[in-house]
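A short worksheet on the structure shown next.
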Amino acid sequence: MADPAKLITAFPPPASPARTRPPERAPLRIGLVQERWHPDPEEHEAALAAGIRLAAAEGARIVCLQELTLSPYFAISPDGPAVAGVVPEDLVNGPTYAFAGRLAEEAGAYVHASLYERDDGADGLGYNTAIVVAPDGRLVSRTRKLHIPITAGYYEDRYFRPGPAVGDPFPLIELEYGPDRARLGAPTCWDQWFPELARAYSLEGAEVLIYPTAIGSEPDHPEFDTQPLWQQVIVANGVANGTFMAAINRFGVEGALTFYGSSFISDPYGRVLAQAPRDEPAVLVADLDLDQRRDWLELFPFLTTRRPDAYGSLVKPG
């Protein structure tokens, strides 16, 4: 049986130091569920479902889950899906959407989840995809991971193709909560290291970025703890772009990796509102004063003082 999750709350939100006028919206209450991988599928789903119910009972309007929500982190092996016995799932008719839809309707909240999405390309690769399901069971968002890691223990290039750069690579989720609306983006894990991605979402109007995550130890550098760097870069990208950041990591040992949990929520001022431990299940629930984005970017107008005419080198291949 799964251990009960530790509940960590952060409400009401802290004051907005740059505020010059009252907020125009009520706070958005968001929940994050940090879990380990349970080899028994029923136990795994039950642990996640308990976390979703706990967050919803605290009033969360959206509850966010870890990368590859219903599966182990299989990209530890460089052998690829055929050898590893990993089968991508259909987006609409697969188990992840079914699970998220069922819990969204039960909890009366939006549910965010992540899956290995099937694609029909000749190379046999799929997409690393985040979805958001509304309380009425509708699929309201699909976002494919743009950046794919290629490193020991995280051989994602053997399983996933990058999300398309054409069309809408930075889709926004219009989330309704009461009479108010929020604009969210849902990239995935490795995307969180790239300042270009956070900036692109911010320019589209994103107020919150949600990162389902699977990150932990480095097999080739077992003494190197990257957790502080991981957290610092996400928080800093939020400061530079006036966005709240929600990172949902798994914890526990899977093969050669030890995932370090530490899921957290930060605000545009760089304050960590709530944080999970490294090695325990936890549910984070926090109120986000979304108009802090407006306040901060009026005082420090990063978006309006940009020099895109000088940025040509940023689009050159590395």
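Chains: A, B, ... in order of the structure tokens. Residues: from 1 per chain. Ligands: from 1, in order shown.
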
All strand (DSSP E) residues (DSSP, backbone) inside region 183-229 of chain A, as a PDB file with all heavy atoms, in the first residue's frame:
```
ATOM      1  N   ARG A 183      -4.236  31.939 -17.837  1.00  0.00           N
ATOM      2  CA  ARG A 183      -3.567  31.455 -19.040  1.00  0.00           C
ATOM      3  C   ARG A 183      -2.332  30.651 -18.617  1.00  0.00           C
ATOM      4  O   ARG A 183      -1.423  31.204 -17.992  1.00  0.00           O
ATOM      5  CB  ARG A 183      -3.184  32.615 -19.955  1.00  0.00           C
ATOM      6  CG  ARG A 183      -4.386  33.361 -20.513  1.00  0.00           C
ATOM      7  CD  ARG A 183      -3.971  34.485 -21.456  1.00  0.00           C
ATOM      8  NE  ARG A 183      -3.157  35.496 -20.789  1.00  0.00           N
ATOM      9  CZ  ARG A 183      -3.657  36.522 -20.092  1.00  0.00           C
ATOM     10  NH1 ARG A 183      -4.965  36.663 -19.973  1.00  0.00           N
ATOM     11  NH2 ARG A 183      -2.856  37.403 -19.524  1.00  0.00           N
ATOM     12  N   LEU A 184      -2.334  29.374 -18.969  1.00  0.00           N
ATOM     13  CA  LEU A 184      -1.279  28.466 -18.548  1.00  0.00           C
ATOM     14  C   LEU A 184      -0.603  27.827 -19.747  1.00  0.00           C
ATOM     15  O   LEU A 184      -1.222  27.628 -20.794  1.00  0.00           O
ATOM     16  CB  LEU A 184      -1.844  27.357 -17.651  1.00  0.00           C
ATOM     17  CG  LEU A 184      -2.471  27.739 -16.314  1.00  0.00           C
ATOM     18  CD1 LEU A 184      -3.886  28.255 -16.485  1.00  0.00           C
ATOM     19  CD2 LEU A 184      -2.485  26.541 -15.377  1.00  0.00           C
ATOM     20  N   GLY A 185       0.669  27.473 -19.574  1.00  0.00           N
ATOM     21  CA  GLY A 185       1.395  26.666 -20.535  1.00  0.00           C
ATOM     22  C   GLY A 185       1.825  25.371 -19.871  1.00  0.00           C
ATOM     23  O   GLY A 185       2.040  25.338 -18.659  1.00  0.00           O
ATOM     24  N   VAL A 208       1.234  31.066 -15.927  1.00  0.00           N
ATOM     25  CA  VAL A 208       1.738  29.923 -15.162  1.00  0.00           C
ATOM     26  C   VAL A 208       2.311  28.915 -16.141  1.00  0.00           C
ATOM     27  O   VAL A 208       1.677  28.601 -17.157  1.00  0.00           O
ATOM     28  CB  VAL A 208       0.609  29.241 -14.354  1.00  0.00           C
ATOM     29  CG1 VAL A 208       1.178  28.137 -13.468  1.00  0.00           C
ATOM     30  CG2 VAL A 208      -0.180  30.252 -13.538  1.00  0.00           C
ATOM     31  N   LEU A 209       3.511  28.403 -15.860  1.00  0.00           N
ATOM     32  CA  LEU A 209       4.082  27.307 -16.634  1.00  0.00           C
ATOM     33  C   LEU A 209       4.140  26.071 -15.742  1.00  0.00           C
ATOM     34  O   LEU A 209       4.644  26.128 -14.615  1.00  0.00           O
ATOM     35  CB  LEU A 209       5.483  27.651 -17.140  1.00  0.00           C
ATOM     36  CG  LEU A 209       5.570  28.781 -18.169  1.00  0.00           C
ATOM     37  CD1 LEU A 209       7.002  28.924 -18.677  1.00  0.00           C
ATOM     38  CD2 LEU A 209       4.618  28.540 -19.332  1.00  0.00           C
ATOM     39  N   ILE A 210       3.590  24.966 -16.261  1.00  0.00           N
ATOM     40  CA  ILE A 210       3.538  23.706 -15.535  1.00  0.00           C
ATOM     41  C   ILE A 210       4.500  22.738 -16.206  1.00  0.00           C
ATOM     42  O   ILE A 210       4.391  22.485 -17.402  1.00  0.00           O
ATOM     43  CB  ILE A 210       2.116  23.126 -15.563  1.00  0.00           C
ATOM     44  CG1 ILE A 210       1.120  24.118 -14.956  1.00  0.00           C
ATOM     45  CG2 ILE A 210       2.057  21.795 -14.835  1.00  0.00           C
ATOM     46  CD1 ILE A 210      -0.323  23.757 -15.250  1.00  0.00           C
ATOM     47  N   TYR A 211       5.430  22.185 -15.419  1.00  0.00           N
ATOM     48  CA  TYR A 211       6.441  21.287 -15.962  1.00  0.00           C
ATOM     49  C   TYR A 211       6.335  19.906 -15.321  1.00  0.00           C
ATOM     50  O   TYR A 211       6.882  19.670 -14.236  1.00  0.00           O
ATOM     51  CB  TYR A 211       7.846  21.819 -15.690  1.00  0.00           C
ATOM     52  CG  TYR A 211       8.232  23.079 -16.409  1.00  0.00           C
ATOM     53  CD1 TYR A 211       8.213  24.316 -15.765  1.00  0.00           C
ATOM     54  CD2 TYR A 211       8.670  23.041 -17.729  1.00  0.00           C
ATOM     55  CE1 TYR A 211       8.601  25.479 -16.415  1.00  0.00           C
ATOM     56  CE2 TYR A 211       9.058  24.188 -18.388  1.00  0.00           C
ATOM     57  CZ  TYR A 211       9.018  25.404 -17.722  1.00  0.00           C
ATOM     58  OH  TYR A 211       9.409  26.551 -18.375  1.00  0.00           O
ATOM     59  N   PRO A 212       5.655  18.938 -15.950  1.00  0.00           N
ATOM     60  CA  PRO A 212       5.770  17.562 -15.467  1.00  0.00           C
ATOM     61  C   PRO A 212       7.201  17.093 -15.681  1.00  0.00           C
ATOM     62  O   PRO A 212       7.798  17.354 -16.729  1.00  0.00           O
ATOM     63  CB  PRO A 212       4.783  16.793 -16.350  1.00  0.00           C
ATOM     64  CG  PRO A 212       4.687  17.598 -17.610  1.00  0.00           C
ATOM     65  CD  PRO A 212       4.855  19.031 -17.186  1.00  0.00           C
ATOM     66  N   THR A 213       7.759  16.399 -14.687  1.00  0.00           N
ATOM     67  CA  THR A 213       9.213  16.226 -14.639  1.00  0.00           C
ATOM     68  C   THR A 213       9.605  14.828 -14.180  1.00  0.00           C
ATOM     69  O   THR A 213       8.915  14.203 -13.387  1.00  0.00           O
ATOM     70  CB  THR A 213       9.805  17.280 -13.668  1.00  0.00           C
ATOM     71  OG1 THR A 213       9.479  18.592 -14.139  1.00  0.00           O
ATOM     72  CG2 THR A 213      11.303  17.152 -13.545  1.00  0.00           C
TER      73      THR A 213
END
```

Checklist entry - Any idea what's packed within 8 Å of Ser141 (chain A), counting only C-alpha atoms, ignoring anything in its chain fewer than 2 positions away? Could you give it as an MDAnalysis selection string? => result chainID A and resid 130:133 139 143 171:173

Next on the checklist: Show me, as a ChimeraX atom specification, the residues that have an atom within 8 Å of region 293-296 of chain A when counting only C-alpha atoms, minus same-chain residues fewer than 2 positions from it.
Outcome noted: /A:16,18-20,207,242-243,268-269,290-291,298-301

Item to check | Contact residues around Pro88 (chain A) with only C-alpha atoms at 12 Å, ignoring same-chain residues under 3 positions, as a PyMOL selection string | outcome: chain A and resi 68+70-71+74+80-82+84-85+91+93-96+114-120+124-129+159-160

Item to check | Non-local contacts of region 145-151 of chain A (9 Å; only C-alpha atoms; under 2 positions in same chain excluded) as a list in words | outcome: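 Final neighbour list, sorted by chain and number: Tyr127, Asn128, Thr129, Ala130, Thr143, Gly153, Tyr154, Tyr155, Glu156, Asp157, Arg158, Phe160, Arg161, Pro162, Gly163, Pro164, Ala165, Pro169, Ala186, Pro187, Thr188, Cys189, Trp190, Asp191, Phe194, Leu197 and Glu218 of chain A.
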
Item to check | Coordinates-based distance that separates CA of Ala107 (chain A) from CA of Ala47 (chain A) (Å, one decimal) | outcome: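 Value for the CA of Ala47 (chain A)-CA of Ala107 (chain A) distance: 14.7 Å.
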
Next on the checklist: Could you pull out the helix (DSSP H, G or I) residues of region 59-208 of chain A, going by DSSP on the backbone, and write them as a PyMOL selection string?
Outcome noted: chain A and resi 74-76+81-84+95-107+156-158+189-193+195-204

Atoms to include: N, CA and C atoms. Write the selected residues as an mmCIF file, in the first residue's frame.
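Done, and the output landed in again-v3.cif:
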```
data_model
loop_
_atom_site.group_PDB
_atom_site.id
_atom_site.type_symbol
_atom_site.label_atom_id
_atom_site.label_comp_id
_atom_site.auth_asym_id
_atom_site.auth_seq_id
_atom_site.Cartn_x
_atom_site.Cartn_y
_atom_site.Cartn_z
ATOM 1 N N PHE A 74 11.065 4.956 -18.516
ATOM 2 C CA PHE A 74 11.704 3.899 -19.297
ATOM 3 C C PHE A 74 12.903 4.353 -20.109
ATOM 4 N N ALA A 75 13.120 5.673 -20.265
ATOM 5 C CA ALA A 75 14.223 6.151 -21.099
ATOM 6 C C ALA A 75 15.585 5.977 -20.440
ATOM 7 N N ILE A 76 15.633 5.306 -19.308
ATOM 8 C CA ILE A 76 16.910 4.949 -18.685
ATOM 9 C C ILE A 76 17.733 4.076 -19.627
ATOM 10 N N PRO A 81 12.119 1.678 -27.696
ATOM 11 C CA PRO A 81 10.852 1.100 -27.224
ATOM 12 C C PRO A 81 10.666 -0.375 -27.549
ATOM 13 N N ALA A 82 11.113 -0.838 -28.714
ATOM 14 C CA ALA A 82 10.881 -2.232 -29.089
ATOM 15 C C ALA A 82 11.600 -3.184 -28.136
ATOM 16 N N VAL A 83 12.882 -2.885 -27.869
ATOM 17 C CA VAL A 83 13.662 -3.746 -26.979
ATOM 18 C C VAL A 83 13.210 -3.590 -25.533
ATOM 19 N N ALA A 84 12.892 -2.356 -25.143
ATOM 20 C CA ALA A 84 12.482 -2.094 -23.762
ATOM 21 C C ALA A 84 11.057 -2.563 -23.473
ATOM 22 N N PRO A 95 -4.986 4.940 -21.741
ATOM 23 C CA PRO A 95 -5.253 4.897 -20.297
ATOM 24 C C PRO A 95 -5.014 6.215 -19.561
ATOM 25 N N THR A 96 -4.070 7.036 -20.033
ATOM 26 C CA THR A 96 -3.784 8.269 -19.300
ATOM 27 C C THR A 96 -4.938 9.257 -19.401
ATOM 28 N N TYR A 97 -5.456 9.450 -20.616
ATOM 29 C CA TYR A 97 -6.603 10.339 -20.765
ATOM 30 C C TYR A 97 -7.809 9.803 -20.000
ATOM 31 N N ALA A 98 -8.018 8.484 -20.048
ATOM 32 C CA ALA A 98 -9.137 7.889 -19.322
ATOM 33 C C ALA A 98 -9.009 8.148 -17.822
ATOM 34 N N PHE A 99 -7.792 7.957 -17.292
ATOM 35 C CA PHE A 99 -7.557 8.189 -15.860
ATOM 36 C C PHE A 99 -7.773 9.657 -15.506
ATOM 37 N N ALA A 100 -7.146 10.565 -16.284
ATOM 38 C CA ALA A 100 -7.265 11.996 -15.993
ATOM 39 C C ALA A 100 -8.712 12.457 -16.107
ATOM 40 N N GLY A 101 -9.433 11.965 -17.132
ATOM 41 C CA GLY A 101 -10.821 12.358 -17.301
ATOM 42 C C GLY A 101 -11.704 11.883 -16.162
ATOM 43 N N ARG A 102 -11.487 10.646 -15.738
ATOM 44 C CA ARG A 102 -12.284 10.090 -14.643
ATOM 45 C C ARG A 102 -12.074 10.880 -13.353
ATOM 46 N N LEU A 103 -10.816 11.187 -13.053
ATOM 47 C CA LEU A 103 -10.527 11.906 -11.811
ATOM 48 C C LEU A 103 -10.942 13.367 -11.900
ATOM 49 N N ALA A 104 -10.839 13.970 -13.088
ATOM 50 C CA ALA A 104 -11.276 15.358 -13.242
ATOM 51 C C ALA A 104 -12.767 15.484 -12.961
ATOM 52 N N GLU A 105 -13.540 14.547 -13.492
ATOM 53 C CA GLU A 105 -14.988 14.591 -13.258
ATOM 54 C C GLU A 105 -15.315 14.323 -11.794
ATOM 55 N N GLU A 106 -14.640 13.355 -11.207
ATOM 56 C CA GLU A 106 -14.891 13.041 -9.802
ATOM 57 C C GLU A 106 -14.524 14.203 -8.888
ATOM 58 N N ALA A 107 -13.344 14.830 -9.148
ATOM 59 C CA ALA A 107 -12.847 15.886 -8.261
ATOM 60 C C ALA A 107 -13.449 17.252 -8.570
ATOM 61 N N GLU A 156 16.253 9.937 -24.125
ATOM 62 C CA GLU A 156 14.913 10.193 -24.651
ATOM 63 C C GLU A 156 14.872 10.277 -26.175
ATOM 64 N N ASP A 157 16.015 10.560 -26.798
ATOM 65 C CA ASP A 157 16.029 10.608 -28.260
ATOM 66 C C ASP A 157 15.770 9.234 -28.872
ATOM 67 N N ARG A 158 15.899 8.160 -28.089
ATOM 68 C CA ARG A 158 15.632 6.809 -28.587
ATOM 69 C C ARG A 158 14.138 6.447 -28.511
ATOM 70 N N CYS A 189 9.507 18.844 -18.574
ATOM 71 C CA CYS A 189 10.830 18.499 -18.050
ATOM 72 C C CYS A 189 11.997 19.248 -18.710
ATOM 73 N N TRP A 190 12.676 18.608 -19.676
ATOM 74 C CA TRP A 190 13.888 19.196 -20.268
ATOM 75 C C TRP A 190 13.623 20.597 -20.818
ATOM 76 N N ASP A 191 12.382 20.876 -21.190
ATOM 77 C CA ASP A 191 12.018 22.218 -21.647
ATOM 78 C C ASP A 191 12.325 23.279 -20.595
ATOM 79 N N GLN A 192 12.335 22.872 -19.320
ATOM 80 C CA GLN A 192 12.460 23.858 -18.247
ATOM 81 C C GLN A 192 13.843 24.510 -18.187
ATOM 82 N N TRP A 193 14.827 23.900 -18.854
ATOM 83 C CA TRP A 193 16.180 24.470 -18.844
ATOM 84 C C TRP A 193 16.367 25.574 -19.883
ATOM 85 N N PRO A 195 15.717 29.078 -21.544
ATOM 86 C CA PRO A 195 15.097 30.394 -21.344
ATOM 87 C C PRO A 195 14.274 30.838 -22.541
ATOM 88 N N GLU A 196 14.644 30.368 -23.749
ATOM 89 C CA GLU A 196 13.888 30.751 -24.940
ATOM 90 C C GLU A 196 12.437 30.275 -24.843
ATOM 91 N N LEU A 197 12.241 29.089 -24.292
ATOM 92 C CA LEU A 197 10.895 28.537 -24.205
ATOM 93 C C LEU A 197 10.053 29.337 -23.217
ATOM 94 N N ALA A 198 10.603 29.623 -22.037
ATOM 95 C CA ALA A 198 9.849 30.408 -21.062
ATOM 96 C C ALA A 198 9.526 31.790 -21.620
ATOM 97 N N ARG A 199 10.456 32.389 -22.346
ATOM 98 C CA ARG A 199 10.211 33.703 -22.934
ATOM 99 C C ARG A 199 9.114 33.632 -23.991
ATOM 100 N N ALA A 200 9.148 32.588 -24.826
ATOM 101 C CA ALA A 200 8.125 32.451 -25.863
ATOM 102 C C ALA A 200 6.737 32.312 -25.241
ATOM 103 N N TYR A 201 6.627 31.502 -24.193
ATOM 104 C CA TYR A 201 5.335 31.367 -23.520
ATOM 105 C C TYR A 201 4.906 32.694 -22.903
ATOM 106 N N SER A 202 5.831 33.400 -22.291
ATOM 107 C CA SER A 202 5.483 34.685 -21.677
ATOM 108 C C SER A 202 5.000 35.682 -22.716
ATOM 109 N N LEU A 203 5.661 35.716 -23.863
ATOM 110 C CA LEU A 203 5.224 36.620 -24.931
ATOM 111 C C LEU A 203 3.830 36.261 -25.442
ATOM 112 N N GLU A 204 3.456 34.978 -25.342
ATOM 113 C CA GLU A 204 2.111 34.552 -25.726
ATOM 114 C C GLU A 204 1.072 34.922 -24.666
#
```

With only C-alpha atoms as the counted atoms, please give the residues lying no more than 7 Å from region 53-64 of chain A, apart from itself and same-chain residues fewer than 4 positions off, as a short mmCIF file (atom, residue, chain, number, x, y, z; two decimals) with all heavy atoms, in the first residue's frame.
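See result_23.cif below for the written result:
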```cif
data_model
loop_
_atom_site.label_atom_id
_atom_site.label_comp_id
_atom_site.auth_asym_id
_atom_site.auth_seq_id
_atom_site.Cartn_x
_atom_site.Cartn_y
_atom_site.Cartn_z
N ARG A 29 -6.11 28.66 -7.23
CA ARG A 29 -5.56 27.63 -6.34
C ARG A 29 -5.13 26.43 -7.18
O ARG A 29 -5.93 25.84 -7.89
CB ARG A 29 -6.57 27.23 -5.28
CG ARG A 29 -5.99 26.29 -4.22
CD ARG A 29 -6.83 26.27 -2.96
NE ARG A 29 -6.74 27.54 -2.23
CZ ARG A 29 -7.30 27.77 -1.04
NH1 ARG A 29 -7.99 26.80 -0.44
NH2 ARG A 29 -7.18 28.94 -0.46
N ILE A 30 -3.86 26.06 -7.10
CA ILE A 30 -3.27 24.99 -7.90
C ILE A 30 -2.75 23.89 -7.00
O ILE A 30 -2.27 24.16 -5.89
CB ILE A 30 -2.13 25.57 -8.80
CG1 ILE A 30 -1.57 24.50 -9.74
CG2 ILE A 30 -1.03 26.18 -7.96
CD1 ILE A 30 -0.56 25.06 -10.75
N GLY A 31 -2.84 22.65 -7.47
CA GLY A 31 -2.33 21.52 -6.70
C GLY A 31 -1.31 20.73 -7.50
O GLY A 31 -1.43 20.59 -8.73
N LEU A 32 -0.30 20.20 -6.82
CA LEU A 32 0.71 19.33 -7.42
C LEU A 32 0.76 18.03 -6.62
O LEU A 32 0.71 18.07 -5.38
CB LEU A 32 2.10 19.98 -7.38
CG LEU A 32 2.52 20.98 -8.46
CD1 LEU A 32 1.57 22.17 -8.50
CD2 LEU A 32 3.94 21.47 -8.21
N VAL A 33 0.86 16.90 -7.32
CA VAL A 33 0.94 15.60 -6.65
C VAL A 33 2.29 14.97 -6.97
O VAL A 33 2.59 14.63 -8.12
CB VAL A 33 -0.19 14.66 -7.12
CG1 VAL A 33 -0.06 13.29 -6.46
CG2 VAL A 33 -1.55 15.28 -6.80
N ALA A 49 -4.59 9.02 -7.51
CA ALA A 49 -5.97 9.43 -7.30
C ALA A 49 -6.16 10.02 -5.91
O ALA A 49 -6.87 11.03 -5.73
CB ALA A 49 -6.91 8.25 -7.50
N ALA A 107 -13.34 14.83 -9.15
CA ALA A 107 -12.85 15.89 -8.26
C ALA A 107 -13.45 17.25 -8.57
O ALA A 107 -13.34 18.17 -7.75
CB ALA A 107 -11.32 15.96 -8.36
N ALA A 109 -12.31 19.24 -10.84
CA ALA A 109 -11.16 20.11 -11.09
C ALA A 109 -10.50 19.70 -12.40
O ALA A 109 -10.64 18.57 -12.87
CB ALA A 109 -10.15 20.00 -9.95
N TYR A 110 -9.75 20.61 -13.00
CA TYR A 110 -8.92 20.26 -14.15
C TYR A 110 -7.81 19.33 -13.66
O TYR A 110 -7.27 19.49 -12.56
CB TYR A 110 -8.29 21.51 -14.76
CG TYR A 110 -9.24 22.45 -15.44
CD1 TYR A 110 -9.99 23.37 -14.71
CD2 TYR A 110 -9.38 22.44 -16.83
CE1 TYR A 110 -10.86 24.25 -15.33
CE2 TYR A 110 -10.25 23.33 -17.46
CZ TYR A 110 -10.98 24.23 -16.71
OH TYR A 110 -11.84 25.10 -17.33
N VAL A 111 -7.45 18.36 -14.49
CA VAL A 111 -6.35 17.45 -14.18
C VAL A 111 -5.34 17.49 -15.33
O VAL A 111 -5.70 17.35 -16.50
CB VAL A 111 -6.83 16.01 -13.95
CG1 VAL A 111 -5.64 15.05 -13.84
CG2 VAL A 111 -7.67 15.93 -12.68
N HIS A 112 -4.09 17.71 -14.96
CA HIS A 112 -2.97 17.75 -15.90
C HIS A 112 -2.20 16.44 -15.75
O HIS A 112 -1.95 15.98 -14.63
CB HIS A 112 -2.10 18.96 -15.56
CG HIS A 112 -0.68 18.87 -16.00
ND1 HIS A 112 0.29 18.15 -15.30
CD2 HIS A 112 -0.03 19.41 -17.05
CE1 HIS A 112 1.44 18.27 -15.91
NE2 HIS A 112 1.28 19.02 -16.97
N ALA A 113 -1.86 15.81 -16.87
CA ALA A 113 -1.13 14.54 -16.84
C ALA A 113 -0.17 14.47 -18.02
O ALA A 113 -0.16 15.35 -18.89
CB ALA A 113 -2.10 13.36 -16.85
N TYR A 177 -11.98 29.66 -13.73
CA TYR A 177 -12.19 29.37 -12.31
C TYR A 177 -13.11 30.47 -11.76
O TYR A 177 -12.75 31.62 -11.66
CB TYR A 177 -10.88 29.26 -11.54
CG TYR A 177 -10.02 30.50 -11.48
CD1 TYR A 177 -9.88 31.20 -10.29
CD2 TYR A 177 -9.34 30.96 -12.61
CE1 TYR A 177 -9.09 32.34 -10.22
CE2 TYR A 177 -8.54 32.09 -12.54
CZ TYR A 177 -8.43 32.78 -11.35
OH TYR A 177 -7.64 33.91 -11.28
N VAL A 283 1.56 16.42 -1.51
CA VAL A 283 0.59 17.20 -2.28
C VAL A 283 0.79 18.66 -1.91
O VAL A 283 0.69 19.03 -0.73
CB VAL A 283 -0.85 16.76 -1.99
CG1 VAL A 283 -1.86 17.69 -2.65
CG2 VAL A 283 -1.08 15.32 -2.46
N VAL A 285 -0.47 22.56 -2.41
CA VAL A 285 -1.62 23.36 -2.82
C VAL A 285 -1.30 24.81 -2.49
O VAL A 285 -0.99 25.13 -1.33
CB VAL A 285 -2.91 22.92 -2.12
CG1 VAL A 285 -4.10 23.73 -2.65
CG2 VAL A 285 -3.17 21.43 -2.31
#
```

Checklist entry - Quick one, how far is CA of Glu42 (chain A) from CA of Ala2 (chain A)? => result 10.7 Å

Counting only C-alpha atoms, what is within 10 Å of Asp3 (chain A), bar same-chain residues fewer than 6 positions away, as a PDB file with N, CA, C and O atoms, in the first residue's frame?
```pdb
ATOM      1  N   GLU A  35       4.697  11.808  -6.542  1.00  0.00           N
ATOM      2  CA  GLU A  35       4.621  10.375  -6.221  1.00  0.00           C
ATOM      3  C   GLU A  35       5.842   9.641  -6.771  1.00  0.00           C
ATOM      4  O   GLU A  35       6.551  10.144  -7.627  1.00  0.00           O
ATOM      5  N   ALA A  47      -2.603   5.716  -5.688  1.00  0.00           N
ATOM      6  CA  ALA A  47      -1.800   6.738  -5.019  1.00  0.00           C
ATOM      7  C   ALA A  47      -1.992   8.106  -5.680  1.00  0.00           C
ATOM      8  O   ALA A  47      -2.149   9.127  -4.996  1.00  0.00           O
ATOM      9  N   GLU A 280       9.609  11.724  -0.427  1.00  0.00           N
ATOM     10  CA  GLU A 280       8.318  11.356   0.146  1.00  0.00           C
ATOM     11  C   GLU A 280       7.194  11.791  -0.790  1.00  0.00           C
ATOM     12  O   GLU A 280       7.333  12.789  -1.506  1.00  0.00           O
ATOM     13  N   PRO A 281       6.063  11.075  -0.754  1.00  0.00           N
ATOM     14  CA  PRO A 281       4.904  11.575  -1.492  1.00  0.00           C
ATOM     15  C   PRO A 281       4.390  12.852  -0.843  1.00  0.00           C
ATOM     16  O   PRO A 281       4.407  12.995   0.384  1.00  0.00           O
ATOM     17  N   ALA A 282       3.948  13.779  -1.665  1.00  0.00           N
ATOM     18  CA  ALA A 282       3.485  15.057  -1.141  1.00  0.00           C
ATOM     19  C   ALA A 282       2.454  15.651  -2.086  1.00  0.00           C
ATOM     20  O   ALA A 282       2.480  15.404  -3.296  1.00  0.00           O
TER      21      ALA A 282
END
```

Checklist entry - In Å, how far is it from CA of Thr69 (chain A) to CA of Gln275 (chain A)? => result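 These atoms are spaced 19.5 Å apart.
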